[in-house]
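Below is one structure, written out as structure tokens; the observations come after it.
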Amino acid sequence: MPESPSLARSIDEAVEWLARDVPFLAVAGAGLSIPGPACAPSVPLVLQTTIEVLSESAAPLLGPGGLGDLGFRERLLPESCYGAIASSVGKAEHLRLWESYGWVGATVGAPRPNAGHHVLIERAARYGTPVLTTNFDLFLESAAVAQGLEPLVCLPRAGGSFGAEAASAGQVAVWKLHGTAEKASSLRSQPADLVRSSYSALRRVIGPDVARLLIVGYSGRDFDVFPSLRALAEGRETLWVDLTFGSAHRAHTLPGCLKCEASFEEVARRFTAGRDTAHRRAFSGFELDSDPSTQDAVRAEFRDRVREAVRRCVDDVVEHDPERARLALAVTLNTAADFPQVVSLVRAAGGLVAADPRTLLALHFALDSMDRFRSAEVVARMALRRALAARNALLLGRAELAGCYSRLRRFYSTFTDPQVRSAYDGGRRTLFGFMRAAFDAALFLPLFVYARVLISRGGESLRRYDALAFASEYVEHLIRVAAATRRIIVRLPRPVAAVIDRRMWAGLRKTAQRVGYMRGVLNTAKYQARLDQSLDAIFGSQVVGDLVASAIAARDAALHCLAAADDVGLDAHAREELLVQAEAYLWESIEDAWKCGNPTLILKDLLILRDHGFDVPLPGSDIADLCRSLEGEADRAAIDFLTSTLAT
């Protein structure tokens with residue numbers, strides 16, 4: 001996304017922003033607690049150790065090469081990883097590893113709140129607003145006590161709501177959206193639970209008198225907080241403080257967001273240095289233990305405590321069972337869009353022979369995301385038979401929905417190029433596939449209601465985790481049916497079609513929010529962004545960490561730029577800039593699609609490049625390999641056309 005220089009702010013300007021006596025709401029991420037004297041380990045350390053433990057447990061099934069490529073760890077979210085483990089074993093005791101982040105003390109050699117914690121608490125108490133945080137640590141509470149305030153800690157509740165409360169005199173509210181290290185029962189493992197809890201908190205957190213938003217130490221790389229935060233930022237002056245703002249940073253999706261590329265610790269220290277005596281008393285003590293050698297020792301001990309807790313808790317819950325570890329790894333890799341490695345992982349050591357329905361459904365998701373429709377359908381049938389044998393209605397429903405979608409896509413070309421689509425005529429089978437999808441939507445509605453009841457009860461069990469998965473996949477099925485139905489809706493008079501479109505997608509978005517299916521929320525936003533031709537909305541709708549969604553967003557952005565470049569009133573220089581931007585977006589889309597093994601999307605991008613006169617500098621052998629990877633009947637029928645068009 002192009003960046004305007006006027007949106008960047010220096011540290012001094014950020015200090016002035018903080019000093020203005022205008023209320024703001026603060027949102028803090030893990031980066032807040034990394035600078036000393038807090039010295040908290042970063043989340044990547046936790047994830048790296050977790051993957052090590054799972055790989056060691058699954059070693060008998062992985063072969064001599066182990067997992068192989070570990071690049072997926074950069075895209076991995078802790079919520080997805082620990083949700084995958086819970087879904088595999090039916091319990092979430094491994095979440096107790098976050099209790100290790102509860103280490104805080106008042107003596108030399110122990111972690112303690114830093115300047116950033118103290119400033120957020122002081123400002124929140126002054127304005128009567130809560131501090132929102134995704135952190136588990138206890139530094140904000142400790143800072144409040146040091147300032148003579150009572151911390152009012154609000155946490156997620158069982159059943160998906162959030163226990164939001166407003167602070168009274170002498171208190172300061174700390175809303176811990178993901179739970180706290182001090183109370184293991186408040187920690188949530190499943191993405192759906194986190195989504196519903198965060199949505200419950202964020203939709204009522206800020207009043208009309210709070211016109212500003214401060215975001216610190218937070219990358220926006222989550223699926224539960226950021227989508228709601230993005231809506232919260234609209235119409236409000238937003239300052240985002242982070243160490244770096246790369247091209248993929250979520251701050252770029254907030255129009256008009258002010259950015260300060262710095263440590264919030266440095267901003268906070270400069271802010272406190274300029275306060276008067278009365279204000280400085282609130283921050284007394286945070287300068288202690290600022291000696292670098294002391295902080296290095298604290299940081300090392302903190303890191304060792306966390307690593308030991310991760311190893312102990314993940315080991316205990318997986319119980320060194322290779323099959324459990326393999327399933328957890330497969331689902332985790334799917335969330336990071338490393339689909340080729342999921343296929344290798346599940347197929348290793350005779351995985352298909354012994355795999356249970358959950359493992360097969362993880363494999364189906366990977367194959368389907370790679371557009372390997374025929375293989376995905378075969379795996380879905382295997383999962384269906386094993387779910388029937390296990391008499392598990394929720395797994396049976398998931399398998400049927402999976403197979404239904406694979407059949408529909410196999411009989412219908414996913415290419416939009418009319419010459420490609422004309423290479424195969426699957427009209428009757430496509431109609432049958434759509435009718436089957438609509439029938440399944442009606443057939444499994446009672447099972448969806450039953451799943452909602454199980455979800456609302458809370459607790460930890462495989463049955464509830466299966467219910468969460470089925471509810472999400474059922475909503476995704478409804479979105480697919482709606483997308484197919486739209487081909488009929490667009491033929492209606494425009495005013496009628498617009499009303500139906502708006503109500504259909506709004507209803508599906510609300511349903512997805514209620515079951516905690518954030519991918520569904522973002523998928524409906526993606527369709528709406530395409531209808532509105534909004535570049536900001538296109539990028540704002542992508543699923544964080546999902547390379548397929550990222551590739552599709554970049555492809556849609558390229559089409560948006562190409563459409564804008566066709567404007568007859570545009571001058572030559574502006575047209576050239578749009579074409580350059582479109583080409584960059586298309587290659588970004590190709591790169592992401594290549595990483596996650598989606599040949600159809602790569603070929604679509606190449607066709608767009610060629611149709612608009614851009615070079616397609618791929619070797620013919622690469623294009624031939626992509627064509628051989630296609631497994632939909634409609635797509636395979638177009639191989640000759642694709643090869644002759646793209647390889648010349």
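Ligands are numbered from 1 in the order shown, chains are lettered A, B, ... in the order of the structure tokens, and residues start at 1 in each chain.
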Show which residues sit within 10 Å of Ala376 of chain A, as a PyMOL selection string. Count only C-alpha atoms, and ignore same-chain residues fewer than 2 positions away.
chain A and resi 360-361+363-374+378-382+402-403+405-407+410+631
List the neighbours of Gly458 of chain A out to 8 Å using only C-alpha atoms; skip same-chain residues closer than 2 positions along the sequence, and give me the result as a PyMOL selection string.
chain A and resi 158-160+454-456+460+464
Nearest to Glu377 of chain A among A:Gly632, A:Val317, A:Gly170, A:Glu301, with distances taken over only C-alpha atoms: which residue is it?
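Of A:Gly632, A:Val317, A:Gly170, A:Glu301, the one nearest Glu377 of chain A, counting only C-alpha atoms, is A:Gly632.
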Determine which residues of segment 224-261 of chain A DSSP labels as strand (DSSP E or B) from the backbone of this structure, then write them out as a list in words.
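Taking segment 224-261 of chain A and keeping strand (DSSP E or B) gives Glu237, Thr238, Leu239, Trp240, Val241, Asp242, Leu258, Lys259, Cys260 and Glu261 of chain A.
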Considering only C-alpha atoms, return as a PyMOL selection string whatever protein or nucleic-acid residues lie within 8 Å of Val27 of chain A, sequence-local ones (same chain, fewer than 2 positions apart) excluded.
chain A and resi 25+29+131-133+213-216+218
Those residues you just picked out, can you put them in a file as a PDB file, in the first residue's frame with N, CA and C atoms?
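Full text of out34.pdb as output:
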ATOM      1  N   LEU A  25      -8.288   5.815  24.012  1.00  0.00           N
ATOM      2  CA  LEU A  25      -8.332   4.411  24.421  1.00  0.00           C
ATOM      3  C   LEU A  25      -7.019   3.768  24.008  1.00  0.00           C
ATOM      4  N   GLY A  29      -0.091  -4.600  22.887  1.00  0.00           N
ATOM      5  CA  GLY A  29       0.274  -5.957  22.530  1.00  0.00           C
ATOM      6  C   GLY A  29       1.536  -6.405  23.242  1.00  0.00           C
ATOM      7  N   VAL A 131      -7.554  -0.004  29.731  1.00  0.00           N
ATOM      8  CA  VAL A 131      -6.441  -0.397  28.874  1.00  0.00           C
ATOM      9  C   VAL A 131      -6.781  -1.772  28.321  1.00  0.00           C
ATOM     10  N   LEU A 132      -6.821  -1.903  27.012  1.00  0.00           N
ATOM     11  CA  LEU A 132      -7.088  -3.194  26.384  1.00  0.00           C
ATOM     12  C   LEU A 132      -5.762  -3.854  26.042  1.00  0.00           C
ATOM     13  N   THR A 133      -5.617  -5.128  26.368  1.00  0.00           N
ATOM     14  CA  THR A 133      -4.364  -5.807  26.067  1.00  0.00           C
ATOM     15  C   THR A 133      -4.609  -7.269  25.715  1.00  0.00           C
ATOM     16  N   LEU A 213      -7.402   6.969  19.551  1.00  0.00           N
ATOM     17  CA  LEU A 213      -7.044   5.573  19.782  1.00  0.00           C
ATOM     18  C   LEU A 213      -5.520   5.463  19.743  1.00  0.00           C
ATOM     19  N   LEU A 214      -4.938   4.842  20.760  1.00  0.00           N
ATOM     20  CA  LEU A 214      -3.492   4.611  20.827  1.00  0.00           C
ATOM     21  C   LEU A 214      -3.238   3.107  20.768  1.00  0.00           C
ATOM     22  N   ILE A 215      -2.391   2.674  19.834  1.00  0.00           N
ATOM     23  CA  ILE A 215      -2.047   1.261  19.677  1.00  0.00           C
ATOM     24  C   ILE A 215      -0.544   1.133  19.847  1.00  0.00           C
ATOM     25  N   VAL A 216      -0.107   0.291  20.788  1.00  0.00           N
ATOM     26  CA  VAL A 216       1.326   0.188  21.073  1.00  0.00           C
ATOM     27  C   VAL A 216       1.742  -1.279  21.196  1.00  0.00           C
ATOM     28  N   TYR A 218       1.946  -3.703  19.237  1.00  0.00           N
ATOM     29  CA  TYR A 218       0.943  -4.632  18.676  1.00  0.00           C
ATOM     30  C   TYR A 218       1.054  -4.601  17.156  1.00  0.00           C
TER      31      TYR A 218
END
With a distance cut-off of 8 Å and only C-alpha atoms, select the neighbouring residues of Ala554 of chain A, excluding the residue or stretch itself and same-chain residues fewer than 5 positions from it, and output the selection as number ranges by chain.
A: 539, 585-586, 588-589
Go ahead and dump the residues you just picked, all heavy atoms, as a PDB file, in the first residue's frame.
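Below is the file that was written, out.pdb:
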ATOM      1  N   PHE A 539      -7.778  -5.067   1.167  1.00  0.00           N
ATOM      2  CA  PHE A 539      -6.675  -5.494   2.016  1.00  0.00           C
ATOM      3  C   PHE A 539      -7.122  -5.680   3.455  1.00  0.00           C
ATOM      4  O   PHE A 539      -6.584  -6.518   4.173  1.00  0.00           O
ATOM      5  CB  PHE A 539      -5.525  -4.488   1.931  1.00  0.00           C
ATOM      6  CG  PHE A 539      -4.637  -4.723   0.744  1.00  0.00           C
ATOM      7  CD1 PHE A 539      -4.814  -4.009  -0.417  1.00  0.00           C
ATOM      8  CD2 PHE A 539      -3.655  -5.686   0.788  1.00  0.00           C
ATOM      9  CE1 PHE A 539      -4.013  -4.232  -1.521  1.00  0.00           C
ATOM     10  CE2 PHE A 539      -2.846  -5.925  -0.306  1.00  0.00           C
ATOM     11  CZ  PHE A 539      -3.016  -5.201  -1.471  1.00  0.00           C
ATOM     12  N   TYR A 585       1.379  -5.907  -7.584  1.00  0.00           N
ATOM     13  CA  TYR A 585       0.391  -6.687  -6.840  1.00  0.00           C
ATOM     14  C   TYR A 585       0.264  -8.099  -7.406  1.00  0.00           C
ATOM     15  O   TYR A 585       0.140  -9.080  -6.648  1.00  0.00           O
ATOM     16  CB  TYR A 585      -0.969  -5.992  -6.880  1.00  0.00           C
ATOM     17  CG  TYR A 585      -1.132  -4.844  -5.917  1.00  0.00           C
ATOM     18  CD1 TYR A 585      -1.774  -3.669  -6.299  1.00  0.00           C
ATOM     19  CD2 TYR A 585      -0.666  -4.925  -4.605  1.00  0.00           C
ATOM     20  CE1 TYR A 585      -1.942  -2.609  -5.415  1.00  0.00           C
ATOM     21  CE2 TYR A 585      -0.822  -3.874  -3.720  1.00  0.00           C
ATOM     22  CZ  TYR A 585      -1.457  -2.717  -4.130  1.00  0.00           C
ATOM     23  OH  TYR A 585      -1.623  -1.677  -3.254  1.00  0.00           O
ATOM     24  N   LEU A 586       0.281  -8.224  -8.731  1.00  0.00           N
ATOM     25  CA  LEU A 586       0.140  -9.549  -9.345  1.00  0.00           C
ATOM     26  C   LEU A 586       1.316 -10.448  -8.992  1.00  0.00           C
ATOM     27  O   LEU A 586       1.137 -11.634  -8.700  1.00  0.00           O
ATOM     28  CB  LEU A 586      -0.006  -9.406 -10.859  1.00  0.00           C
ATOM     29  CG  LEU A 586      -1.378  -8.915 -11.343  1.00  0.00           C
ATOM     30  CD1 LEU A 586      -1.335  -8.542 -12.818  1.00  0.00           C
ATOM     31  CD2 LEU A 586      -2.454  -9.967 -11.088  1.00  0.00           C
ATOM     32  N   GLU A 588       3.172 -10.159  -6.340  1.00  0.00           N
ATOM     33  CA  GLU A 588       2.999 -10.464  -4.916  1.00  0.00           C
ATOM     34  C   GLU A 588       2.015 -11.622  -4.747  1.00  0.00           C
ATOM     35  O   GLU A 588       2.227 -12.535  -3.935  1.00  0.00           O
ATOM     36  CB  GLU A 588       2.502  -9.227  -4.178  1.00  0.00           C
ATOM     37  CG  GLU A 588       2.282  -9.427  -2.685  1.00  0.00           C
ATOM     38  CD  GLU A 588       1.710  -8.194  -2.011  1.00  0.00           C
ATOM     39  OE1 GLU A 588       1.881  -7.078  -2.544  1.00  0.00           O
ATOM     40  OE2 GLU A 588       1.071  -8.342  -0.945  1.00  0.00           O
ATOM     41  N   SER A 589       0.937 -11.589  -5.515  1.00  0.00           N
ATOM     42  CA  SER A 589      -0.062 -12.660  -5.466  1.00  0.00           C
ATOM     43  C   SER A 589       0.552 -13.986  -5.907  1.00  0.00           C
ATOM     44  O   SER A 589       0.324 -15.032  -5.283  1.00  0.00           O
ATOM     45  CB  SER A 589      -1.253 -12.295  -6.353  1.00  0.00           C
ATOM     46  OG  SER A 589      -2.196 -13.345  -6.385  1.00  0.00           O
TER      47      SER A 589
END
Contacts of segment 322-324 of chain A at 7 Å or less, counting only C-alpha atoms, minus same-chain residues fewer than 4 places along, as a VMD selection string?
chain A and resid 57 to 58 60 to 61 88 to 89 318 328
Those same residues, written as a compact mmCIF listing (two decimals), in the first residue's frame with N, CA and C atoms?
# COMPACT_ATOMS: atom_id res chain seq x y z
N SER A 57 7.68 -35.28 19.47
CA SER A 57 6.66 -36.29 19.75
C SER A 57 6.24 -37.03 18.48
N ALA A 58 6.20 -36.30 17.35
CA ALA A 58 5.77 -36.91 16.09
C ALA A 58 6.92 -37.53 15.31
N PRO A 60 8.59 -40.31 15.20
CA PRO A 60 8.49 -41.63 14.58
C PRO A 60 7.72 -41.63 13.26
N LEU A 61 6.89 -40.60 13.03
CA LEU A 61 6.09 -40.54 11.81
C LEU A 61 6.63 -39.54 10.79
N SER A 88 -6.85 -31.52 19.08
CA SER A 88 -6.29 -32.85 18.85
C SER A 88 -6.41 -33.75 20.07
N VAL A 89 -6.35 -33.17 21.27
CA VAL A 89 -6.33 -33.99 22.48
C VAL A 89 -7.59 -33.84 23.32
N VAL A 318 0.20 -33.65 25.21
CA VAL A 318 0.32 -34.52 24.02
C VAL A 318 0.67 -35.94 24.43
N ALA A 328 -1.96 -32.34 15.51
CA ALA A 328 -1.76 -30.96 15.96
C ALA A 328 -0.88 -30.19 14.99
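Here atom CA of Pro78 of chain A is placed at a distance of 17.4 Å from atom CA of Ser185 of chain A.
Nearest-residue note for Glu476 of chain A: choosing from A:Arg203, A:Arg270, A:Arg428, A:Arg398, the minimum distance belongs to A:Arg398, counting only C-alpha atoms.
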Identify, on the basis of only C-alpha atoms, every residue whose closest approach to Thr129 of chain A does not exceed 10 Å; exclude the query and any residue fewer than 3 positions from it along the same chain; express the result as a PyMOL selection string.
chain A and resi 23-26+121+123-126+132+166-167+172-174+205-207+210
Identify, on the basis of only C-alpha atoms, every residue whose closest approach to His477 of chain A does not exceed 10 Å; exclude the query and any residue fewer than 4 positions from it along the same chain; express the result as a ChimeraX atom specification.
/A:401-402,404-405,437-438,440-441,471-473,481-483,520
Do you have the atom CA of Leu394 of chain A-atom CA of Ala469 of chain A distance handy?
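Going from atom CA of Leu394 of chain A over to atom CA of Ala469 of chain A covers 8.6 Å.
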